[in-house]
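Okay, protein.txt now, which holds compact mmCIF, C-alpha atoms and all ligand atoms:
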```
# COMPACT_ATOMS: atom_id res chain seq x y z
CA MET J 1 31.78 -0.57 15.88
CA ARG J 2 27.99 -0.59 15.93
CA ASN J 3 25.97 -0.05 12.76
CA TYR J 4 23.01 2.30 12.85
CA TYR J 5 19.69 0.49 12.55
CA ILE J 6 16.60 2.45 11.48
CA ALA J 7 13.24 0.72 11.70
CA GLY J 8 9.80 1.86 10.56
CA ASN J 9 6.85 0.64 12.62
CA TRP J 10 3.77 1.16 10.45
CA LYS J 11 1.42 0.25 13.33
CA MET J 12 -2.22 -0.28 12.28
CA HIS J 13 -2.02 1.74 9.09
CA LYS J 14 -2.31 1.14 5.34
CA THR J 15 -4.14 -1.08 2.92
CA ARG J 16 -2.28 -3.51 0.69
CA ALA J 17 -2.10 -1.04 -2.20
CA GLU J 18 -0.81 1.74 0.08
CA ALA J 19 1.72 -0.60 1.68
CA ALA J 20 3.01 -1.76 -1.70
CA ALA J 21 3.40 1.83 -2.85
CA LEU J 22 5.33 2.82 0.29
CA ALA J 23 7.53 -0.28 0.19
CA GLY J 24 8.40 0.44 -3.45
CA GLU J 25 9.33 4.04 -2.64
CA LEU J 26 11.50 2.94 0.29
CA VAL J 27 13.31 0.31 -1.76
CA SER J 28 14.34 2.90 -4.31
CA GLY J 29 14.87 5.70 -1.76
CA LEU J 30 17.15 3.60 0.44
CA LYS J 31 19.02 1.53 -2.10
CA ASP J 32 22.19 3.54 -1.56
CA GLY J 33 21.55 3.93 2.19
CA LYS J 34 24.47 3.07 4.47
CA HIS J 35 22.64 1.85 7.55
CA LYS J 36 20.58 -1.21 8.46
CA TYR J 37 16.84 -0.86 7.71
CA LEU J 38 13.56 -2.53 8.61
CA VAL J 39 9.88 -2.06 7.89
CA ALA J 40 7.24 -3.60 10.14
CA PRO J 41 3.80 -3.60 8.48
CA SER J 42 0.61 -5.15 9.93
CA PHE J 43 0.25 -8.93 9.65
CA THR J 44 -2.23 -8.56 6.77
CA LEU J 45 0.33 -6.61 4.73
CA LEU J 46 3.32 -8.89 5.19
CA GLU J 47 2.61 -11.05 2.17
CA THR J 48 2.31 -7.95 -0.02
CA VAL J 49 5.47 -6.27 1.25
CA ALA J 50 7.66 -9.42 1.48
CA PRO J 51 8.46 -9.83 -2.23
CA LEU J 52 9.06 -6.09 -2.61
CA VAL J 53 11.80 -5.91 0.04
CA LYS J 54 13.27 -9.37 -0.55
CA GLY J 55 16.89 -9.17 -1.66
CA THR J 56 17.10 -5.43 -0.80
CA ASN J 57 18.76 -3.75 2.18
CA ILE J 58 15.39 -3.50 3.96
CA ARG J 59 14.44 -6.27 6.39
CA LEU J 60 10.88 -7.45 6.89
CA GLY J 61 9.54 -7.20 10.44
CA ALA J 62 6.32 -8.01 12.27
CA GLN J 63 4.91 -5.89 15.08
CA ASN J 64 4.10 -8.72 17.49
CA MET J 65 3.63 -12.49 17.67
CA ALA J 66 2.10 -15.08 19.95
CA ALA J 67 4.04 -16.55 22.86
CA GLU J 68 3.12 -20.06 21.73
CA GLU J 69 4.32 -21.78 18.60
CA GLN J 70 0.84 -22.84 17.43
CA GLY J 71 -2.47 -24.14 18.73
CA ALA J 72 -5.82 -22.94 20.01
CA HIS J 73 -5.07 -19.20 20.28
CA THR J 74 -7.86 -17.38 18.47
CA GLY J 75 -6.75 -14.09 16.97
CA GLU J 76 -3.03 -14.67 17.51
CA THR J 77 -0.24 -15.06 14.94
CA SER J 78 2.44 -17.70 15.25
CA VAL J 79 6.18 -17.49 14.74
CA LEU J 80 5.86 -20.30 12.18
CA GLN J 81 3.37 -18.27 10.16
CA LEU J 82 5.63 -15.22 10.28
CA LYS J 83 8.64 -17.19 9.12
CA ASP J 84 6.57 -18.71 6.33
CA LEU J 85 5.98 -15.16 5.03
CA GLY J 86 9.67 -14.28 5.10
CA VAL J 87 9.62 -12.24 8.31
CA GLN J 88 13.13 -11.78 9.70
CA THR J 89 12.52 -9.61 12.76
CA VAL J 90 9.75 -9.14 15.30
CA ILE J 91 9.08 -6.10 17.48
CA LEU J 92 8.18 -7.29 21.00
CA GLY J 93 7.03 -5.46 24.11
CA HIS J 94 6.08 -2.26 22.30
CA SER J 95 4.54 0.14 24.81
CA GLU J 96 1.20 -0.10 23.01
CA ARG J 97 1.30 -3.86 23.63
CA ARG J 98 2.35 -3.37 27.25
CA HIS J 99 -0.15 -0.66 28.13
CA LEU J 100 -3.15 -1.05 25.80
CA TYR J 101 -3.05 -4.85 25.71
CA LYS J 102 -1.59 -5.49 29.17
CA GLU J 103 1.39 -7.58 28.07
CA ASP J 104 3.71 -8.07 31.03
CA ASP J 105 7.44 -8.73 31.29
CA ALA J 106 6.97 -12.50 31.66
CA LEU J 107 4.85 -12.79 28.51
CA ILE J 108 7.23 -10.59 26.54
CA ASN J 109 10.19 -12.68 27.74
CA LYS J 110 8.45 -15.84 26.52
CA LYS J 111 7.93 -14.26 23.09
CA VAL J 112 11.55 -13.08 22.90
CA LYS J 113 12.80 -16.58 23.66
CA LEU J 114 10.47 -18.16 21.10
CA ALA J 115 11.53 -15.68 18.42
CA LEU J 116 15.22 -16.40 19.04
CA GLN J 117 14.61 -20.16 19.09
CA HIS J 118 13.20 -19.81 15.57
CA GLY J 119 16.04 -17.64 14.34
CA LEU J 120 14.12 -14.37 14.23
CA GLU J 121 15.75 -11.15 15.37
CA ALA J 122 13.81 -9.59 18.26
CA ILE J 123 13.52 -5.87 18.89
CA LEU J 124 12.73 -5.69 22.60
CA CYS J 125 11.06 -2.37 23.46
CA ILE J 126 11.38 -0.79 26.87
CA GLY J 127 10.42 2.60 28.25
CA GLU J 128 8.86 4.44 31.16
CA LEU J 129 5.52 6.19 31.54
CA LEU J 130 5.43 9.94 32.21
CA GLU J 131 4.50 9.43 35.87
CA GLU J 132 7.40 7.01 36.29
CA ARG J 133 9.79 9.58 34.82
CA GLU J 134 8.38 12.32 37.05
CA ALA J 135 8.81 10.07 40.07
CA GLY J 136 12.50 9.57 39.18
CA LYS J 137 11.94 5.94 38.24
CA ALA J 138 12.81 5.97 34.53
CA GLU J 139 16.11 4.12 34.93
CA ALA J 140 14.67 1.55 37.33
CA VAL J 141 11.75 0.79 34.99
CA CYS J 142 14.03 0.39 31.98
CA GLU J 143 16.42 -1.77 33.97
CA ARG J 144 13.58 -4.03 35.12
CA GLN J 145 12.11 -4.36 31.62
CA THR J 146 15.54 -5.18 30.20
CA VAL J 147 16.46 -7.75 32.84
CA LYS J 148 13.06 -9.47 32.77
CA GLY J 149 12.77 -9.30 28.99
CA LEU J 150 16.12 -11.07 28.63
CA GLU J 151 15.70 -13.60 31.45
CA GLY J 152 17.05 -17.01 30.47
CA ILE J 153 18.66 -15.74 27.26
CA PRO J 154 22.31 -16.82 27.01
CA ALA J 155 25.08 -14.55 25.73
CA SER J 156 25.35 -16.78 22.66
CA SER J 157 21.85 -15.63 21.57
CA LEU J 158 22.35 -11.94 22.25
CA SER J 159 23.34 -11.18 18.66
CA GLY J 160 19.66 -11.77 17.80
CA ILE J 161 18.51 -9.02 20.16
CA VAL J 162 18.08 -5.31 19.49
CA LEU J 163 16.83 -3.03 22.27
CA ALA J 164 14.58 -0.04 21.64
CA TYR J 165 14.20 2.64 24.29
CA GLU J 166 10.87 4.35 23.77
CA PRO J 167 9.74 6.67 26.56
CA VAL J 168 5.97 6.22 26.50
CA TRP J 169 5.33 9.95 26.90
CA ALA J 170 7.27 10.63 23.69
CA ILE J 171 5.44 8.15 21.44
CA GLY J 172 3.15 9.80 18.91
CA THR J 173 3.03 12.97 21.01
CA GLY J 174 5.49 15.15 19.14
CA LYS J 175 7.54 15.32 22.37
CA THR J 176 11.00 13.86 21.96
CA ALA J 177 13.37 13.07 24.79
CA THR J 178 16.36 15.40 24.57
CA PRO J 179 19.36 13.63 23.06
CA GLU J 180 21.04 13.94 26.48
CA ASP J 181 18.13 12.41 28.41
CA ALA J 182 17.76 9.60 25.89
CA ASP J 183 21.51 8.91 25.91
CA ALA J 184 21.50 8.71 29.72
CA ILE J 185 18.91 5.93 29.63
CA HIS J 186 20.72 4.19 26.78
CA ALA J 187 23.95 4.30 28.83
CA CYS J 188 22.13 2.87 31.82
CA VAL J 189 20.64 0.06 29.72
CA ARG J 190 24.03 -0.70 28.17
CA ASN J 191 25.38 -0.95 31.69
CA VAL J 192 22.65 -3.45 32.56
CA ILE J 193 23.79 -5.55 29.59
CA ALA J 194 27.39 -5.27 30.80
CA LYS J 195 26.36 -6.55 34.24
CA LEU J 196 24.38 -9.43 32.73
CA TYR J 197 26.64 -10.43 29.84
CA GLY J 198 29.97 -8.58 30.15
CA GLN J 199 31.34 -5.40 28.60
CA ALA J 200 32.09 -6.87 25.17
CA GLU J 201 28.43 -7.78 24.64
CA ALA J 202 27.32 -4.42 26.02
CA ASP J 203 29.58 -2.63 23.53
CA LYS J 204 28.05 -4.58 20.64
CA ILE J 205 24.32 -4.43 21.37
CA ILE J 206 22.24 -2.04 19.26
CA ILE J 207 19.96 0.28 21.24
CA GLN J 208 17.46 2.22 19.14
CA TYR J 209 15.61 5.30 20.35
CA GLY J 210 11.92 5.73 19.58
CA GLY J 211 9.43 8.49 20.30
CA SER J 212 8.62 11.24 17.80
CA VAL J 213 11.80 10.77 15.77
CA LYS J 214 11.70 13.11 12.77
CA ALA J 215 14.14 14.18 10.08
CA ASP J 216 15.01 17.31 12.07
CA ASN J 217 15.96 15.53 15.31
CA ALA J 218 17.28 12.18 14.03
CA ALA J 219 20.88 13.23 13.46
CA ARG J 220 21.17 14.91 16.87
CA LEU J 221 19.77 11.87 18.66
CA MET J 222 21.97 9.44 16.78
CA SER J 223 25.10 11.54 17.31
CA LYS J 224 24.96 10.44 20.94
CA GLU J 225 27.38 7.73 21.95
CA ASN J 226 24.80 5.19 23.06
CA ILE J 227 22.04 5.80 20.50
CA ASP J 228 22.46 3.35 17.64
CA GLY J 229 19.39 3.91 15.55
CA ALA J 230 15.71 4.71 15.64
CA LEU J 231 12.35 3.00 15.85
CA VAL J 232 10.09 5.35 13.95
CA GLY J 233 6.27 5.39 14.02
CA GLY J 234 4.41 8.36 12.53
CA ALA J 235 7.28 9.52 10.33
CA ALA J 236 7.66 5.99 8.91
CA LEU J 237 4.33 6.20 7.09
CA LYS J 238 5.63 8.30 4.21
CA ALA J 239 8.81 7.83 2.20
CA GLU J 240 9.40 11.59 2.20
CA SER J 241 9.63 11.63 6.00
CA PHE J 242 11.26 8.21 6.56
CA VAL J 243 14.00 8.31 3.92
CA PRO J 244 15.69 11.45 5.33
CA ILE J 245 15.71 9.89 8.81
CA ALA J 246 17.04 6.61 7.44
CA LYS J 247 19.75 8.39 5.45
CA PHE J 248 20.84 10.77 8.20
CA GLY J 249 24.54 11.49 8.50
P1 LIG F 301 6.33 7.70 16.92
O1 LIG F 301 6.22 6.14 17.33
O2 LIG F 301 7.55 7.85 16.08
O3 LIG F 301 5.05 7.99 16.18
O4 LIG F 301 6.43 8.47 18.20
C1 LIG F 301 7.36 5.40 17.69
C2 LIG F 301 6.97 3.98 18.05
O5 LIG F 301 5.94 3.79 18.70
O6 LIG F 301 7.67 3.00 17.68
```

Kindly present the structure from the file in structure tokens form.
Amino acid sequence: MRNYYIAGNWKMHKTRAEAAALAGELVSGLKDGKHKYLVAPSFTLLETVAPLVKGTNIRLGAQNMAAEEQGAHTGETSVLQLKDLGVQTVILGHSERRHLYKEDDALINKKVKLALQHGLEAILCIGELLEEREAGKAEAVCERQTVKGLEGIPASSLSGIVLAYEPVWAIGTGKTATPEDADAIHACVRNVIAKLYGQAEADKIIIQYGGSVKADNAARLMSKENIDGALVGGAALKAESFVPIAKFG
């Protein structure tokens, strides 16, 4: 039995005061929520949000991290620094990292392994571009990103991995994949996990959907057999839009 996992990716939004206000509203809005929750604020907001969500049912996540533990990497943020702030989860391979900042599968794989080594949960994002979907390559792209993202990760570490399928054409565009289309990719990805790690692991792994998830489509998406939660961007920026998604069902 998989638990639903709803994550809010705040991207590059909010000041400390705004972040504290939102975190406070989410803590009270979700305190009786039944699912697993996460907020992922910018690095500069982590120290503000950490004490507010500590001891609640909301996990603290970061949106990225360096592939190296520490050293001469100007502008990067290390896994040690994230752990020091109480970060429990890190989002890796988000499409904005892949496409705007040219992160490739090998780099993302290195980050995933480093996160796991340090006991952080990793949300590994995958998803195809519109032209890849139109060329009939959506499944192949997602398969490649999953296989390469997980390269060298043993089954014993898989409990620290969450997958997030985010079709790039659906992110921040108001276009959502239909529940059926999303579920088909989720099923394909679960099958990839079965081939790599066996059916029992495939049955356990959480696969979130992301891309214009809103209160009015969340329940339909998550009613699908292979959709185990959501990675929410725009609608995660206000408690009044995130709480209804997080408390769907
Ligand atoms: P969106 O973003 O909900 O604004 O489409 C999702 C994401 O990028 O994680």

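Nearest-residue note for J:His118: choosing from J:Lys214, J:Lys83, J:Arg16, J:Arg190, the minimum distance belongs to J:Lys83, counting only C-alpha atoms.
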
Distance filter 9 Å around ligand LIG 301 (chain F), atoms: only C-alpha atoms and all ligand atoms, out as an MDAnalysis selection string: chainID J and resid 7:11 94:96 125 164 166 168:176 209:214 230:236

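Of note, atom CA of J:Asp84 and atom CA of J:Gln70 are spaced 13.2 Å apart.
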
Atomic separation - atom CA of J:Asp183 relative to atom CA of J:Asp203, Å: 14.3 Å

Pairwise distance for atom CA of J:Arg144 and atom CA of J:Gly160, rounded to one decimal in Å: 19.9 Å

Neighbours of J:Ala219 within 7 Å (all atoms listed in the file; same-chain residues fewer than 4 positions away dropped), as a tab-separated table (two decimals) with C-alpha atoms, in the coordinates of the input?
```tsv
chain	number	residue	atom	x	y	z
J	223	SER	CA	25.10	11.54	17.31
J	248	PHE	CA	20.84	10.77	8.20
J	249	GLY	CA	24.54	11.49	8.50
```

Proximity check stretch 84-190 of chain J to stretch 46-55 of chain J, 9 Å, nearest pairs one decimal Å, all atoms listed in the file, as a Markdown table:
```
| residue | atom | partner | partner_atom | distance |
| --- | --- | --- | --- | --- |
| J:Leu85 | CA | J:Glu47 | CA | 6.0 |
| J:Gly86 | CA | J:Ala50 | CA | 6.4 |
| J:Val87 | CA | J:Ala50 | CA | 7.6 |
```

From J:Leu80, J:His73, J:Ala67, J:Ile123, residue lying nearest J:Leu92 [all atoms listed in the file]: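 The closest residue to J:Leu92 is J:Ile123.
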
From J:Ile91, J:Leu82, J:Leu163, J:Ala200, residue lying nearest J:Gln63 [only C-alpha atoms]: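 Smallest distance to J:Gln63 is found for J:Ile91.
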
Best match for closeness to J:Ala138 among J:Tyr101, J:Tyr165, J:Tyr197, J:Tyr37, counting all atoms listed in the file: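 That would be J:Tyr165, the residue with the smallest distance to J:Ala138.
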
Distance criterion (only C-alpha atoms): nearest to J:Tyr4 out of J:Val192, J:Leu38, J:Ile185, J:Ala177: J:Leu38

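Within the 12 Å cut-off around J:Cys188, using all atoms listed in the file and omitting residues fewer than 3 positions from it on the same chain, the listed residues are Ala138, Glu139, Ala140, Val141, Cys142, Glu143, Arg144, Thr146, Tyr165, Asp181, Ala182, Asp183, Ala184, Ile185, Asn191, Val192, Ile193, Ala194, Lys195, Ala202, Ile207, Asn226 and Ile227 of chain J.
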
Among the residues J:Glu121, J:Asp216, J:Asp228, J:Glu201, the one that comes closest to J:Gly61 [using only C-alpha atoms]: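 Of the candidates, the smallest distance to J:Gly61 is held by J:Glu121.
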
Contact residues around J:Val27 with all atoms listed in the file at 10 Å, ignoring same-chain residues under 4 positions, as a list of chain:residue names: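 The neighbour list is J:Leu22, J:Ala23, J:Lys31, J:Asp32, J:Gly33, J:Leu52, J:Val53, J:Lys54, J:Thr56, J:Asn57, J:Ile58, J:Ala239, J:Val243.
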